[in-house]
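S.K.: Handing over data-v6.cif, mmCIF, C-alpha atoms.
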```
data_coords
#
loop_
_atom_site.label_atom_id
_atom_site.label_comp_id
_atom_site.auth_asym_id
_atom_site.auth_seq_id
_atom_site.Cartn_x
_atom_site.Cartn_y
_atom_site.Cartn_z
CA MET V 1 -8.09 13.17 29.00
CA LEU V 2 -9.10 13.76 25.39
CA TRP V 3 -5.93 15.73 24.81
CA GLU V 4 -3.91 12.94 26.40
CA LEU V 5 -5.52 10.36 24.13
CA PHE V 6 -4.91 12.54 21.10
CA SER V 7 -1.27 13.36 21.87
CA THR V 8 -0.47 9.77 22.85
CA PHE V 9 -1.78 8.32 19.62
CA PHE V 10 -0.34 11.18 17.59
CA ILE V 11 3.15 10.25 18.81
CA ILE V 12 2.46 6.58 18.13
CA GLY V 13 1.15 7.41 14.65
CA LEU V 14 4.20 9.51 13.91
CA VAL V 15 6.69 6.66 14.32
CA SER V 16 4.55 3.68 13.41
CA PHE V 17 6.63 2.38 10.54
CA GLY V 18 5.60 -1.04 9.33
CA GLY V 19 2.03 -0.83 10.51
CA GLY V 20 -0.03 -3.54 12.15
CA TYR V 21 1.59 -5.63 14.86
CA ALA V 22 4.77 -3.58 14.56
CA MET V 23 2.96 -0.85 16.49
CA ILE V 24 2.07 -3.07 19.44
CA PRO V 25 5.27 -2.47 21.44
CA LEU V 26 4.71 1.26 21.00
CA ILE V 27 1.07 1.20 22.08
CA GLN V 28 1.90 -1.12 24.99
CA GLU V 29 4.62 1.29 26.18
CA GLU V 30 2.28 4.28 26.21
CA VAL V 31 -0.99 2.70 27.28
CA VAL V 32 0.17 0.11 29.83
CA GLN V 33 3.51 1.35 31.08
CA ARG V 34 3.40 5.14 30.93
CA HIS V 35 -0.26 6.02 31.35
CA ASP V 36 -1.35 2.90 33.21
CA TRP V 37 -4.73 3.02 31.47
CA MET V 38 -5.08 -0.76 31.67
CA THR V 39 -3.34 -3.99 32.64
CA ALA V 40 -1.14 -5.89 30.19
CA GLN V 41 -3.76 -8.62 30.07
CA ALA V 42 -6.59 -6.22 29.25
CA PHE V 43 -4.38 -4.80 26.50
CA THR V 44 -3.89 -8.30 25.08
CA ASP V 45 -7.67 -8.71 24.94
CA ILE V 46 -7.95 -5.43 23.05
CA ILE V 47 -5.48 -6.66 20.45
CA ALA V 48 -7.60 -9.79 20.08
CA VAL V 49 -10.74 -7.73 19.46
CA ALA V 50 -8.80 -5.42 17.10
CA GLY V 51 -7.49 -8.44 15.21
CA MET V 52 -10.96 -9.82 14.72
CA SER V 53 -12.38 -6.51 13.48
CA PRO V 54 -12.22 -5.29 9.90
CA GLY V 55 -9.52 -2.76 9.11
CA PRO V 56 -5.97 -2.09 10.27
CA ILE V 57 -5.13 -3.61 13.66
CA ALA V 58 -3.22 -0.66 15.10
CA THR V 59 -5.92 1.87 14.24
CA ASN V 60 -8.54 -0.52 15.58
CA SER V 61 -6.63 -0.84 18.86
CA ALA V 62 -6.53 2.95 19.15
CA ILE V 63 -10.30 3.12 18.59
CA ILE V 64 -11.02 0.44 21.23
CA ILE V 65 -8.65 1.99 23.80
CA GLY V 66 -10.18 5.43 23.20
CA TYR V 67 -13.67 4.00 23.51
CA LYS V 68 -12.80 2.25 26.75
CA GLN V 69 -11.40 5.49 28.20
CA MET V 70 -13.93 8.05 27.01
CA GLY V 71 -16.68 6.52 24.89
CA VAL V 72 -17.33 7.41 21.24
CA LEU V 73 -15.61 10.79 21.56
CA GLY V 74 -12.51 9.09 22.97
CA ALA V 75 -12.57 6.57 20.12
CA PHE V 76 -12.78 9.37 17.56
CA THR V 77 -10.01 11.40 19.20
CA SER V 78 -7.66 8.40 19.36
CA ALA V 79 -8.30 7.45 15.74
CA LEU V 80 -7.73 11.05 14.65
CA GLY V 81 -4.47 11.21 16.59
CA MET V 82 -3.32 7.99 15.00
CA ILE V 83 -4.04 8.91 11.36
CA LEU V 84 -3.21 12.62 11.38
CA PRO V 85 0.60 12.16 11.19
CA SER V 86 0.19 9.86 8.16
CA LEU V 87 -2.05 12.43 6.46
CA ILE V 88 0.36 15.29 7.12
CA ILE V 89 3.38 13.30 5.97
CA ILE V 90 1.66 12.07 2.81
CA LEU V 91 0.53 15.59 1.94
CA ALA V 92 3.98 16.98 2.67
CA ILE V 93 6.21 14.45 0.99
CA GLY V 94 3.86 12.11 -0.89
CA THR V 95 4.83 13.33 -4.30
CA ILE V 96 8.54 13.79 -3.75
CA PHE V 97 8.87 10.59 -1.76
CA TYR V 98 7.86 8.90 -4.96
CA LYS V 99 11.31 9.65 -6.36
CA VAL V 100 13.28 9.86 -3.12
CA GLN V 101 12.12 6.38 -2.11
CA LYS V 102 14.72 4.66 -4.25
CA SER V 103 17.56 6.84 -2.99
CA MET V 104 20.48 5.37 -1.06
CA MET V 105 19.72 7.53 1.98
CA VAL V 106 16.14 6.29 2.38
CA LYS V 107 17.20 2.70 1.79
CA SER V 108 19.93 3.04 4.44
CA ALA V 109 17.42 4.47 6.92
CA PHE V 110 15.08 1.54 6.34
CA TYR V 111 17.98 -0.89 6.72
CA GLY V 112 18.27 0.32 10.32
CA LEU V 113 14.55 0.85 10.88
CA ARG V 114 13.53 -2.68 9.92
CA SER V 115 16.05 -4.22 12.34
CA ILE V 116 14.95 -2.00 15.24
CA ILE V 117 11.29 -2.76 14.58
CA THR V 118 12.02 -6.50 14.44
CA GLY V 119 13.81 -6.18 17.79
CA LEU V 120 10.83 -4.32 19.23
CA ILE V 121 8.38 -7.00 18.12
CA VAL V 122 10.61 -9.77 19.48
CA TYR V 123 10.65 -7.88 22.78
CA ALA V 124 6.85 -7.49 22.63
CA ALA V 125 6.44 -11.22 22.01
CA ILE V 126 8.56 -12.10 25.07
CA LEU V 127 6.82 -9.49 27.22
CA PHE V 128 3.36 -10.68 26.19
CA ALA V 129 4.34 -14.29 26.83
CA MET V 130 5.37 -13.34 30.38
CA ASN V 131 2.33 -11.14 31.04
CA ASN V 132 -0.09 -13.81 29.90
CA GLY V 133 1.24 -16.66 31.99
CA LEU V 134 3.16 -18.55 29.31
CA VAL V 135 6.44 -18.20 31.15
CA SER V 136 6.09 -19.36 34.75
CA SER V 137 6.83 -22.33 36.93
CA PHE V 138 5.42 -25.62 35.72
CA SER V 139 1.71 -26.28 36.08
CA TRP V 140 -0.82 -28.04 33.87
CA HIS V 141 -2.39 -24.68 33.18
CA THR V 142 0.88 -23.18 31.93
CA LEU V 143 1.53 -26.28 29.85
CA SER V 144 -1.90 -26.03 28.20
CA LEU V 145 -1.23 -22.36 27.35
CA VAL V 146 2.14 -23.22 25.83
CA ILE V 147 0.49 -25.94 23.74
CA ILE V 148 -2.17 -23.48 22.53
CA PHE V 149 0.61 -21.03 21.67
CA GLY V 150 2.51 -23.72 19.73
CA LEU V 151 -0.54 -24.94 17.83
CA SER V 152 -1.57 -21.35 16.96
CA LEU V 153 1.91 -20.63 15.61
CA LEU V 154 1.85 -23.87 13.63
CA ALA V 155 -1.55 -22.99 12.18
CA LEU V 156 -0.25 -19.56 11.09
CA ILE V 157 3.15 -20.56 9.71
CA ARG V 158 2.63 -24.08 8.44
CA PHE V 159 -1.02 -24.21 7.44
CA ARG V 160 -1.31 -20.49 6.70
CA ILE V 161 -4.71 -20.23 8.33
CA HIS V 162 -6.08 -16.70 8.47
CA PRO V 163 -5.43 -15.07 11.89
CA VAL V 164 -9.12 -14.33 12.41
CA TYR V 165 -9.97 -18.05 12.21
CA VAL V 166 -7.05 -18.96 14.47
CA ILE V 167 -8.35 -16.51 17.10
CA LEU V 168 -11.92 -17.81 16.78
CA ILE V 169 -10.92 -21.49 17.02
CA SER V 170 -8.69 -20.67 19.98
CA GLY V 171 -11.67 -19.02 21.69
CA LEU V 172 -13.74 -22.18 21.26
CA VAL V 173 -10.88 -24.28 22.65
CA GLY V 174 -10.74 -21.90 25.62
CA ILE V 175 -14.44 -22.33 26.33
CA ALA V 176 -14.06 -26.12 26.17
CA LEU V 177 -10.96 -26.20 28.38
CA TYR V 178 -11.30 -23.46 30.95
CA SER V 179 -14.98 -22.90 31.72
CA MET J 1 -17.55 26.98 -11.88
CA LYS J 2 -17.58 23.99 -14.10
CA THR J 3 -14.38 22.54 -12.68
CA GLN J 4 -15.72 22.91 -9.16
CA SER J 5 -18.85 20.86 -9.78
CA PHE J 6 -16.69 18.29 -11.50
CA ASN J 7 -14.47 18.19 -8.44
CA LEU J 8 -17.41 17.64 -6.12
CA LYS J 9 -18.52 14.71 -8.23
CA LEU J 10 -15.01 13.28 -8.20
CA LEU J 11 -14.76 13.75 -4.43
CA ALA J 12 -18.04 11.91 -3.96
CA GLN J 13 -16.81 9.09 -6.17
CA ILE J 14 -13.55 8.83 -4.23
CA PHE J 15 -15.46 8.77 -0.95
CA ILE J 16 -17.84 6.04 -2.06
CA SER J 17 -15.10 3.93 -3.62
CA PHE J 18 -13.11 3.79 -0.41
CA LEU J 19 -16.20 3.53 1.78
CA LYS J 20 -17.05 0.22 0.09
CA ILE J 21 -13.64 -1.31 0.73
CA GLY J 22 -13.46 -0.98 4.52
CA PRO J 23 -16.08 -3.23 6.06
CA VAL J 24 -15.53 -6.38 3.99
CA THR J 25 -11.96 -7.01 5.01
CA PHE J 26 -11.24 -8.75 8.28
CA GLY J 27 -7.93 -9.18 10.01
CA GLY J 28 -5.56 -6.35 9.26
CA GLY J 29 -5.10 -3.59 6.75
CA TYR J 30 -3.24 -5.73 4.24
CA ALA J 31 -6.46 -7.51 3.35
CA MET J 32 -7.65 -4.23 1.84
CA ILE J 33 -4.79 -3.94 -0.63
CA PRO J 34 -6.09 -6.23 -3.40
CA LEU J 35 -9.53 -4.64 -3.06
CA ILE J 36 -8.10 -1.13 -3.35
CA GLU J 37 -6.17 -2.23 -6.43
CA ARG J 38 -9.28 -3.69 -8.06
CA GLU J 39 -11.32 -0.60 -7.33
CA VAL J 40 -8.91 2.14 -8.45
CA VAL J 41 -7.12 0.31 -11.27
CA GLU J 42 -9.65 -2.01 -12.82
CA LYS J 43 -13.03 -0.54 -12.02
CA ARG J 44 -12.37 3.20 -11.96
CA GLY J 45 -9.22 3.45 -14.07
CA TRP J 46 -7.88 6.17 -11.77
CA VAL J 47 -4.41 4.69 -11.47
CA LYS J 48 -2.33 2.77 -14.01
CA THR J 49 -1.22 -0.76 -13.16
CA LYS J 50 2.45 0.21 -13.26
CA ASP J 51 1.86 3.10 -10.84
CA ILE J 52 -0.08 1.19 -8.21
CA THR J 53 2.98 -0.80 -7.03
CA ASP J 54 4.82 2.49 -6.43
CA ILE J 55 1.85 3.88 -4.54
CA PHE J 56 1.75 0.83 -2.26
CA ALA J 57 5.53 1.09 -1.75
CA VAL J 58 5.23 4.72 -0.65
CA ALA J 59 2.23 3.89 1.55
CA GLU J 60 4.29 1.21 3.24
CA SER J 61 7.27 3.51 3.86
CA VAL J 62 5.23 6.30 5.43
CA PRO J 63 4.24 5.75 9.09
CA GLY J 64 0.78 4.33 9.63
CA ALA J 65 -1.42 1.59 8.22
CA ILE J 66 -0.73 0.76 4.59
CA ALA J 67 -4.41 0.61 3.60
CA ILE J 68 -5.22 4.04 5.01
CA ASN J 69 -2.01 5.50 3.59
CA SER J 70 -2.69 4.08 0.11
CA ALA J 71 -6.21 5.50 0.12
CA THR J 72 -4.96 8.90 1.28
CA PHE J 73 -2.20 8.97 -1.32
CA ILE J 74 -4.51 7.93 -4.17
CA GLY J 75 -7.06 10.54 -3.06
CA TYR J 76 -4.32 13.16 -3.00
CA ARG J 77 -3.15 12.31 -6.50
CA LEU J 78 -6.70 12.45 -7.83
CA ALA J 79 -8.02 15.59 -6.16
CA GLY J 80 -5.38 17.24 -3.98
CA VAL J 81 -5.83 17.84 -0.26
CA PRO J 82 -9.65 17.50 -0.30
CA GLY J 83 -9.23 14.22 -2.17
CA ALA J 84 -6.80 12.93 0.46
CA ILE J 85 -9.14 13.82 3.32
CA VAL J 86 -12.19 12.38 1.60
CA ALA J 87 -10.41 9.11 0.76
CA MET J 88 -9.07 8.75 4.29
CA THR J 89 -12.48 9.38 5.82
CA GLY J 90 -14.12 6.98 3.42
CA VAL J 91 -11.75 4.12 4.12
CA LEU J 92 -11.92 4.62 7.88
CA LEU J 93 -15.57 5.46 8.56
CA PRO J 94 -17.15 1.97 8.24
CA THR J 95 -14.38 0.31 10.25
CA PHE J 96 -14.66 3.01 12.89
CA ILE J 97 -18.38 2.38 13.34
CA ILE J 98 -17.94 -1.41 13.38
CA VAL J 99 -15.03 -1.30 15.85
CA VAL J 100 -16.93 1.04 18.20
CA MET J 101 -19.90 -1.34 18.15
CA LEU J 102 -17.61 -4.33 18.76
CA SER J 103 -15.95 -2.50 21.69
CA LEU J 104 -19.35 -1.80 23.18
CA PHE J 105 -20.30 -5.46 22.79
CA PHE J 106 -16.95 -6.68 24.14
CA LEU J 107 -17.08 -4.45 27.23
CA LYS J 108 -20.58 -5.79 27.94
CA VAL J 109 -19.73 -9.48 27.67
CA GLN J 110 -16.13 -9.60 28.89
CA ASP J 111 -17.10 -10.61 32.43
CA ASN J 112 -19.18 -13.53 31.26
CA PRO J 113 -17.46 -16.77 32.45
CA LYS J 114 -17.58 -18.34 28.97
CA VAL J 115 -16.02 -15.24 27.38
CA GLU J 116 -13.38 -15.14 30.12
CA ALA J 117 -12.53 -18.79 29.41
CA ALA J 118 -12.30 -18.08 25.68
CA PHE J 119 -9.90 -15.21 26.28
CA VAL J 120 -7.57 -17.33 28.44
CA SER J 121 -6.85 -19.33 25.29
CA ILE J 122 -7.03 -16.35 22.90
CA ARG J 123 -4.31 -14.52 24.85
CA ALA J 124 -1.89 -17.39 24.14
CA THR J 125 -2.90 -17.16 20.47
CA ILE J 126 -2.20 -13.41 20.42
CA VAL J 127 1.31 -14.15 21.71
CA ALA J 128 1.64 -16.57 18.78
CA LEU J 129 0.44 -13.87 16.36
CA ILE J 130 3.00 -11.39 17.65
CA THR J 131 5.70 -14.05 17.39
CA TYR J 132 4.58 -14.72 13.82
CA ALA J 133 4.80 -11.00 13.06
CA ALA J 134 8.33 -10.95 14.49
CA ILE J 135 9.36 -13.90 12.30
CA LYS J 136 7.85 -12.32 9.20
CA ILE J 137 9.34 -8.87 9.61
CA GLY J 138 12.61 -10.49 10.72
CA LYS J 139 12.81 -12.30 7.38
CA THR J 140 12.89 -8.99 5.51
CA ALA J 141 15.03 -7.19 8.08
CA VAL J 142 17.87 -9.70 8.32
CA VAL J 143 20.17 -9.14 5.35
CA ASP J 144 23.58 -9.42 7.02
CA LYS J 145 25.32 -9.87 10.39
CA THR J 146 24.93 -6.19 11.28
CA THR J 147 21.15 -6.41 11.11
CA VAL J 148 21.15 -9.48 13.39
CA ALA J 149 23.28 -7.53 15.88
CA LEU J 150 20.93 -4.54 15.69
CA ILE J 151 17.94 -6.77 16.48
CA ALA J 152 19.74 -8.33 19.48
CA ILE J 153 20.85 -4.91 20.76
CA THR J 154 17.28 -3.59 20.51
CA VAL J 155 15.86 -6.50 22.54
CA ALA J 156 18.61 -6.12 25.16
CA LEU J 157 18.09 -2.35 25.40
CA MET J 158 14.36 -2.79 25.90
CA PHE J 159 14.83 -5.32 28.69
CA PHE J 160 17.72 -3.78 30.57
CA VAL J 161 17.68 -0.05 29.94
CA HIS J 162 14.15 0.40 28.69
CA ILE J 163 14.31 3.20 26.17
CA HIS J 164 11.07 4.51 24.71
CA PRO J 165 10.35 2.54 21.50
CA ALA J 166 9.54 5.76 19.63
CA LEU J 167 13.02 7.06 20.37
CA LEU J 168 14.58 3.74 19.33
CA ILE J 169 12.71 3.81 16.02
CA ILE J 170 13.94 7.34 15.25
CA CYS J 171 17.48 6.28 16.20
CA GLY J 172 17.05 3.20 13.98
CA GLY J 173 16.79 5.33 10.85
CA LEU J 174 19.85 7.38 11.80
CA VAL J 175 21.84 4.29 12.78
CA GLY J 176 21.01 2.73 9.41
CA ILE J 177 22.28 5.79 7.55
CA GLY J 178 25.40 5.89 9.77
CA ILE J 179 26.25 2.21 9.37
CA ILE J 180 25.88 2.27 5.60
CA ALA J 181 28.00 5.43 5.32
CA LEU J 182 30.67 3.84 7.52
CA LYS J 183 30.64 0.60 5.54
CA LYS J 184 31.02 2.58 2.34
CA LYS J 185 34.01 4.42 3.74
CA LEU J 186 35.65 1.19 4.88
CA GLY J 187 34.95 -0.41 1.54
CA ILE J 188 32.82 -3.22 2.97
CA SER J 189 30.27 -4.63 0.55
CA ILE J 190 26.80 -3.36 1.24
CA LYS J 191 23.54 -5.21 1.04
CA LEU J 192 20.53 -3.06 1.78
CA GLU J 193 17.64 -5.32 0.97
CA LYS J 194 16.78 -8.88 0.13
CA GLU J 195 17.38 -9.40 -3.58
CA GLU J 196 14.13 -11.01 -4.39
CA LYS J 197 11.28 -9.31 -2.64
CA LEU J 198 9.48 -11.87 -0.50
CA LYS J 199 6.07 -12.47 -1.93
CA PRO J 200 3.59 -10.70 0.30
CA ASP J 201 0.83 -12.78 1.78
CA PHE J 202 -2.69 -12.22 0.66
CA TYR J 203 -3.54 -10.82 4.02
CA LEU J 204 -0.35 -10.02 5.85
CA GLY J 205 2.48 -7.69 5.15
CA ASP J 206 5.83 -7.59 6.84
CA GLY J 207 4.58 -6.08 10.06
CA ILE J 208 1.21 -7.76 9.40
#
```
Before anything else, please render the file you have as C-alpha cells.
M.R.:
Amino acid sequence: MLWELFSTFFIIGLVSFGGGYAMIPLIQEEVVQRHDWMTAQAFTDIIAVAGMSPGPIATNSAIIIGYKQMGVLGAFTSALGMILPSLIIILAIGTIFYKVQKSMMVKSAFYGLRSIITGLIVYAAILFAMNNGLVSSFSWHTLSLVIIFGLSLLALIRFRIHPVYVILISGLVGIALYS
Amino acid sequence: MKTQSFNLKLLAQIFISFLKIGPVTFGGGYAMIPLIEREVVEKRGWVKTKDITDIFAVAESVPGAIAINSATFIGYRLAGVPGAIVAMTGVLLPTFIIVVMLSLFFLKVQDNPKVEAAFVSIRATIVALITYAAIKIGKTAVVDKTTVALIAITVALMFFVHIHPALLIICGGLVGIGIIALKKKLGISIKLEKEEKLKPDFYLGDGI
C-alpha cells in the first residue's frame, strides 16, 4: 500500500505542470478511477479541505489522501512521492533550464502543454459537476446547487474574493439550507 | 573546516527562512510567492531582484507546486544539493503538520449532520473553483485557433476514449513542438505566447 501511494503520487508529481488545480484531473484519474480508493464525492471533499489548508493544493490533497489510506506514514509517503520528481528535475536541470527556458523548443512544448492542461481542467470541471449532482434532471435541490455554483463563480471572477472565504461562506450557506 | 561550519549555518538559515513562510499562507501555493520574495530578496539579500523573476519562471515550468519549486531552486543556488533539500523540507514541514491535523479533524467530524450539510454546498463551490481555474489557465493557453482546437480535442478524448491524463500531458509537449515546427515549414505566422503577460493574481497563478 505504501509503495502504491508513493508510486502513484510520484507519477502525478512527474507530470504535474501548472500546479494547483491543474493536477486535479490527474489525481482524480489515479485515486478515484484506477485505484478506487474513494468515491468522486469524497475526493471533492478532500479538495475542499486541501483548498482551505495552508500550502499548495495538490500537495495538500496528496497528504490528505495518504493520511486517509494509511495514517501519518501514508501522508508522508504520498507527500514524498509528489515532491521527489520536482526535486530531481530541479537538481538535474535547474541551472541549465535557466537559459534553455527562453528557447524556441521549450516555448513550443509549453504551447502544446498549456492547451492540453486547459482541456484536462475543463474535463475535470464537467466531470465534477456531474459527480456532485449539478447536472441531473430538474429538482429544487439541483437548482439550489446550480445557484450556489453560479454565485461562487461570480464571487471568484467578478468580486475576486479569496477562494478560502468563498468555501467558508458556502459551508455556512450549506448549513442554513440543507441541515 | 571553516567552510563547513559556515555551510551549516547557512543551511540552518535557509531552513528557518522557508519554515516561517509555510503556515501563514492559506489557499494555494501562489500565496507564498510574495512572502518568498520578501524573505530572500529584501530581508536576506540572497537573491537579486532581477533574478527572482527568472527563478519563479523556472519554478513554474518545472512540474510541481511553484512555491515548493521556488524554495528548492533558491536553496540549490545558495548551498547546492543540501540547500535544496533543506529548503524543500522547511517550506513543506509546517504545512504537512497542519494538513495532517486538519485531515484528522475532518475525518472525525465528516459524519456530523451539520458538516454534511455544509459540504453539500461546498462541493458546488469546488466545481466553481475548478471552472475558474479552467478559465484562468485557458486565458493564457489560447493564443490562436490551433490552441482552441487542442483544448476541444483533449476534452473529447477524455470523454470518449479516456486516455490517461499523464500520457496526454506528455503528448501535449511533443504535439506543441510538432505543430510549431510544421507551421514554420509551411510559413504560417507563429504566436507562442500572449504578448503582454497577464498580471498574476495575488493568490492565484494560471493553474491556481
S.K.: Pick out the closest residue to V:Ile93 from this set: J:Ser61, J:Thr89, J:Thr131, J:Thr146. Count only C-alpha atoms.
M.R.: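 So, comparing all the options, the nearest one is J:Ser61.
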S.K.: In Å, with one decimal, what is the gap from atom CA of J:Val99 to atom CA of V:Gly51?
M.R.: 10.4 Å
S.K.: Give me, as a ChimeraX atom specification, the contact residues of chain V against chain J at a cut-off of 6 Å, counting all atoms listed in the file.
M.R.: /V:13,15-22,26,51-57,64,86,108-109,111-116,118-119,121-123,125,129,145,149,152-153,164,167,170-171,174-175,178-179
S.K.: What is the atom CA of J:Phe105 to atom CA of V:Thr59 distance in Å?
M.R.: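 Interatomic distance here is 18.3 Å.
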S.K.: Using all atoms listed in the file, which of V:Leu168, V:Leu127, V:Ile161, V:Leu143 sits nearest V:Gln33?
M.R.: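 The closest residue to V:Gln33 is V:Leu127.
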S.K.: My list of candidates is J:Leu186, J:Val109, J:Ile52, J:Leu11. Which is closest to J:Val40 when distances are computed with only C-alpha atoms?
M.R.: J:Ile52
S.K.: Rounded to one decimal in Å, what is the spacing between atom CA of V:Ala176 and atom CA of V:Ile148?
M.R.: 12.7 Å
S.K.: May I ask which of the residues V:Tyr165, V:Phe110, V:Phe9, V:Trp37 is the closest one to V:Asn60, counting only C-alpha atoms?
M.R.: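 The answer is V:Phe9, which sits nearest to V:Asn60.
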